[in-house]
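Visitor: I have a structure here, written as structure tokens, and I will follow up with some questions on it.
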Amino acid sequence: MADIFERLIKNYGPIGQHRERAHGYFAFPKLEGEIGSKMKFRGQEMIVWSLNNYLGLANHPEVRKADADASAKYGLALPMGARMMSGNSDLHEQLEAELAQFENKEDAILMNYGYQGIMSAIDAICGRHDVVVYDAECHACIIDGLRMLAGHRFVFKHNDIEDCEKQLHRAQALIDKQQSGGILVITEGVFGMAGDQGKLKEIVNLKSKFSFRMLVDDAHGFGTLGKTGSGAGEEQNCQDGIDLYFSTFAKSMASIGAFMAGPKTIIDYIRYNIRSQIFAKSLPMPFVVGNLKRLELLHTQPILKENLWKNALALQKGLKERGFDIGKTDSVVTPVYMKGGVEEATLMVMDLRENYKIFCSIVVYPVIPKGHIIYRLIPTAEHTQEEIDLTLKAFSETKAKLDAGAYKSEEIPDMANK
Ligand SMILES: Cc1ncc(COP(=O)(O)O)c(C=O)c1O
């Protein structure tokens, strides 16, 4: 018989295999100091492009005060217990009502975390005869939610409406055969890696041909897209066709928690059947109060979103002018596609950090195909034009070195914290 632990330590997984040289530098780096466009990494101040603090709310003085006051007043314990049993409060319900109103839906339910919340919501909504049709690039939390699905699932090629329609035909045929069940289509408002918006409007339009319900994870669209910032549904003018709208608070809201908004009857059903909330302690009061304050600022300070977009567009324009490939982004998420091996990528990241003082996240094989490198840049409302200019200059110089083979190496450098 095999020992499970022995098997684990023989193979630490695609990224874990590099941990001895990478830990603390390429993986699990520590950014220190106040959250902002400049933070300290290993004692050096860097321009940071890795934080989903889109609107710069993390350190907004009103947010910090609301967080601190609520922590002093309530502590982290209140309310004790799960919402259903003993953990409900007027403020939890107020936040739900405000989120529903913001999203132009009848009701909303709070969740402690986006990841487990959406997984559990999929589990609560779908029965064994239901069929889920979903985009191939949906986030891991959706894929994990589908792992619990007793019914069937059909995946469509990323943002490919023709293929989506094909999968809807398959789903419909299966349901006809079973003579029971319904269809749930799941996609995202903004795909967080490439920054392209989900084709929500086109999927909503398929409702004229097929009968289905639609769930959208708008983690990156909430607060960043649409006239009022209510997300990709508003941006694409199809919010009414989205039956269930979901977002985490971990990005624009710079906090913790999540919500799902939709028709009152269905949100009530979820409220009474979502296992990750029924069997878990409710969101502590400081998070509820802090999220209420963030939502208020999101409403009342459109300048935050304007600054975010000003910076995102300046960054994206500058990259394109310098000949960088930024793919199909139509959100503020800014990927930069380059060619090179994993070893070269790590040396380039080191050069950027050590010599140019630029900190950004990098994606390489096996997350993406071999020979490709993606820098994933997250602009925020707080970045300055000077920081954008320095970053563009650094990228041009390091890309020239990459193309000239200056980073060629046989192995990943040892940068781990010893
Ligand atoms: C698209 C998407 N959905 C859900 C989540 C998970 O949210 P949370 O961090 O609140 O668990 C993330 C990442 O944070 C995400 O990018």
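For the structure tokens, the naming scheme is as follows: chains receive sequential letters (A, B, ...) according to their order of presentation, residues are indexed from 1 within each chain, and ligands are indexed from 1 in presentation order.
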Within 10 Å of A:Gly318, counting only C-alpha atoms, which residues show up once you throw out same-chain ones fewer than 2 positions away? Write them as a ChimeraX atom specification, please.
Guide: /A:312-316,320-324,388-389,391-393
Visitor: Per residue of stretch 221-326 of chain A within 6 Å of stretch 110-133 of chain A, what are the shortest atom pair and its distance in Å to one decimal, counting only C-alpha atoms, with rows by chain and residue number, as a Markdown table?
Guide:
```
| residue | atom | partner | partner_atom | distance |
| --- | --- | --- | --- | --- |
| A:Thr248 | CA | A:Gly114 | CA | 4.8 |
| A:Gly257 | CA | A:Asn112 | CA | 4.4 |
| A:Ala258 | CA | A:Met111 | CA | 4.9 |
| A:Phe259 | CA | A:Leu110 | CA | 4.4 |
| A:Asn273 | CA | A:Ala124 | CA | 5.8 |
| A:Ile274 | CA | A:Ala124 | CA | 5.4 |
| A:Ser276 | CA | A:Ser120 | CA | 5.8 |
| A:Leu283 | CA | A:Asn112 | CA | 5.4 |
```
Visitor: Take the residues just selected and output them with all heavy atoms as a PDB file, in the first residue's frame.
Guide:
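That gives us selection-v3.pdb:
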```
ATOM      1  N   THR A 248     -16.751  39.055  -6.054  1.00  0.00           N
ATOM      2  CA  THR A 248     -16.030  39.014  -4.784  1.00  0.00           C
ATOM      3  C   THR A 248     -15.775  40.456  -4.327  1.00  0.00           C
ATOM      4  O   THR A 248     -15.822  41.393  -5.118  1.00  0.00           O
ATOM      5  CB  THR A 248     -14.681  38.288  -4.957  1.00  0.00           C
ATOM      6  OG1 THR A 248     -13.876  38.529  -3.814  1.00  0.00           O
ATOM      7  CG2 THR A 248     -13.911  38.750  -6.174  1.00  0.00           C
ATOM      8  N   GLY A 257     -14.876  38.835   1.245  1.00  0.00           N
ATOM      9  CA  GLY A 257     -16.301  38.543   1.159  1.00  0.00           C
ATOM     10  C   GLY A 257     -16.730  38.552  -0.293  1.00  0.00           C
ATOM     11  O   GLY A 257     -15.908  38.768  -1.197  1.00  0.00           O
ATOM     12  N   ALA A 258     -18.008  38.277  -0.528  1.00  0.00           N
ATOM     13  CA  ALA A 258     -18.521  38.211  -1.888  1.00  0.00           C
ATOM     14  C   ALA A 258     -20.043  38.295  -1.807  1.00  0.00           C
ATOM     15  O   ALA A 258     -20.611  38.283  -0.711  1.00  0.00           O
ATOM     16  CB  ALA A 258     -18.101  36.905  -2.556  1.00  0.00           C
ATOM     17  N   PHE A 259     -20.677  38.379  -2.972  1.00  0.00           N
ATOM     18  CA  PHE A 259     -22.142  38.360  -2.970  1.00  0.00           C
ATOM     19  C   PHE A 259     -22.663  37.804  -4.279  1.00  0.00           C
ATOM     20  O   PHE A 259     -21.948  37.771  -5.282  1.00  0.00           O
ATOM     21  CB  PHE A 259     -22.703  39.783  -2.754  1.00  0.00           C
ATOM     22  CG  PHE A 259     -22.540  40.683  -3.955  1.00  0.00           C
ATOM     23  CD1 PHE A 259     -23.604  40.874  -4.838  1.00  0.00           C
ATOM     24  CD2 PHE A 259     -21.349  41.325  -4.214  1.00  0.00           C
ATOM     25  CE1 PHE A 259     -23.463  41.693  -5.956  1.00  0.00           C
ATOM     26  CE2 PHE A 259     -21.195  42.146  -5.322  1.00  0.00           C
ATOM     27  CZ  PHE A 259     -22.257  42.329  -6.196  1.00  0.00           C
ATOM     28  N   ASN A 273     -30.208  27.317   1.287  1.00  0.00           N
ATOM     29  CA  ASN A 273     -29.638  26.049   0.797  1.00  0.00           C
ATOM     30  C   ASN A 273     -28.146  26.082   0.493  1.00  0.00           C
ATOM     31  O   ASN A 273     -27.593  25.073   0.070  1.00  0.00           O
ATOM     32  CB  ASN A 273     -30.394  25.605  -0.473  1.00  0.00           C
ATOM     33  CG  ASN A 273     -31.826  25.222  -0.144  1.00  0.00           C
ATOM     34  OD1 ASN A 273     -32.108  24.111   0.306  1.00  0.00           O
ATOM     35  ND2 ASN A 273     -32.752  26.157  -0.341  1.00  0.00           N
ATOM     36  N   ILE A 274     -27.487  27.204   0.700  1.00  0.00           N
ATOM     37  CA  ILE A 274     -26.067  27.290   0.334  1.00  0.00           C
ATOM     38  C   ILE A 274     -25.227  26.774   1.506  1.00  0.00           C
ATOM     39  O   ILE A 274     -25.110  27.399   2.559  1.00  0.00           O
ATOM     40  CB  ILE A 274     -25.674  28.716  -0.123  1.00  0.00           C
ATOM     41  CG1 ILE A 274     -24.212  28.748  -0.562  1.00  0.00           C
ATOM     42  CG2 ILE A 274     -25.964  29.780   0.933  1.00  0.00           C
ATOM     43  CD1 ILE A 274     -23.821  29.993  -1.340  1.00  0.00           C
ATOM     44  N   SER A 276     -22.051  26.376   2.127  1.00  0.00           N
ATOM     45  CA  SER A 276     -20.847  27.047   2.654  1.00  0.00           C
ATOM     46  C   SER A 276     -21.210  28.204   3.580  1.00  0.00           C
ATOM     47  O   SER A 276     -20.368  28.663   4.345  1.00  0.00           O
ATOM     48  CB  SER A 276     -19.977  27.571   1.505  1.00  0.00           C
ATOM     49  OG  SER A 276     -20.604  28.665   0.877  1.00  0.00           O
ATOM     50  N   LEU A 283     -19.958  36.472   8.118  1.00  0.00           N
ATOM     51  CA  LEU A 283     -18.918  37.488   7.895  1.00  0.00           C
ATOM     52  C   LEU A 283     -18.845  38.417   9.115  1.00  0.00           C
ATOM     53  O   LEU A 283     -19.855  38.999   9.504  1.00  0.00           O
ATOM     54  CB  LEU A 283     -19.315  38.294   6.648  1.00  0.00           C
ATOM     55  CG  LEU A 283     -18.263  39.037   5.848  1.00  0.00           C
ATOM     56  CD1 LEU A 283     -17.174  38.119   5.341  1.00  0.00           C
ATOM     57  CD2 LEU A 283     -18.924  39.756   4.672  1.00  0.00           C
TER      58      LEU A 283
END
```
Visitor: As a PyMOL selection string, please: every protein or nucleic acid residue near ligand 1 (cut-off 12 Å, counting only C-alpha atoms and all ligand atoms).
Guide: chain A and resi 51-53+110-120+137-145+186-195+197-198+215-222+245-260+333
Visitor: Which one of A:Met350, A:Glu98, A:His158, A:Ala400 sits closest to A:Asp196 if you count only C-alpha atoms?
Guide: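 Smallest distance to A:Asp196 is found for A:His158.
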Visitor: Write down as a PyMOL selection string the residues belonging to stretch 184-345 of chain A that are assigned strand (DSSP E or B) by DSSP computed on the backbone.
Guide: chain A and resi 184-188+190+197+213-217+244-248+258-262+325+334-339
Visitor: Between A:Pro369, A:Pro263, A:Gly340, A:Gly231, which has the minimum distance to A:Tyr407 (counting only C-alpha atoms)?
Guide: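 Closest residue, counting only C-alpha atoms: A:Gly340.
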Visitor: Between atom CA of A:Ala100 and atom CA of A:Ile242, measure the distance and give it in Å to one decimal.
Guide: 13.1 Å
Visitor: Quick one: DSSP helix (DSSP H, G or I) residues in stretch 53-97 of chain A, as a list of chain:residue names?
Guide: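 So, restricting stretch 53-97 of chain A to helix (DSSP H, G or I), we get A:Leu57, A:Ala58, A:Asn59, A:Pro61, A:Glu62, A:Val63, A:Arg64, A:Lys65, A:Ala66, A:Asp67, A:Ala68, A:Asp69, A:Ala70, A:Ser71, A:Ala72, A:Lys73, A:Tyr74, A:Asp90, A:Leu91, A:His92, A:Glu93, A:Gln94, A:Leu95, A:Glu96, A:Ala97.
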Visitor: Quick one: residues within 7 Å of A:Val364, only C-alpha atoms, excluding same-chain residues fewer than 5 positions away - as a PDB file with C-alpha atoms, in the first residue's frame?
Guide:
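Just written: around.pdb:
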```
ATOM      1  CA  VAL A 342      10.835  29.720 -17.921  1.00  0.00           C
ATOM      2  CA  HIS A 372       5.445  31.828 -23.709  1.00  0.00           C
ATOM      3  CA  ILE A 373       5.718  34.467 -21.016  1.00  0.00           C
ATOM      4  CA  ILE A 374       2.920  36.706 -19.789  1.00  0.00           C
TER       5      ILE A 374
END
```
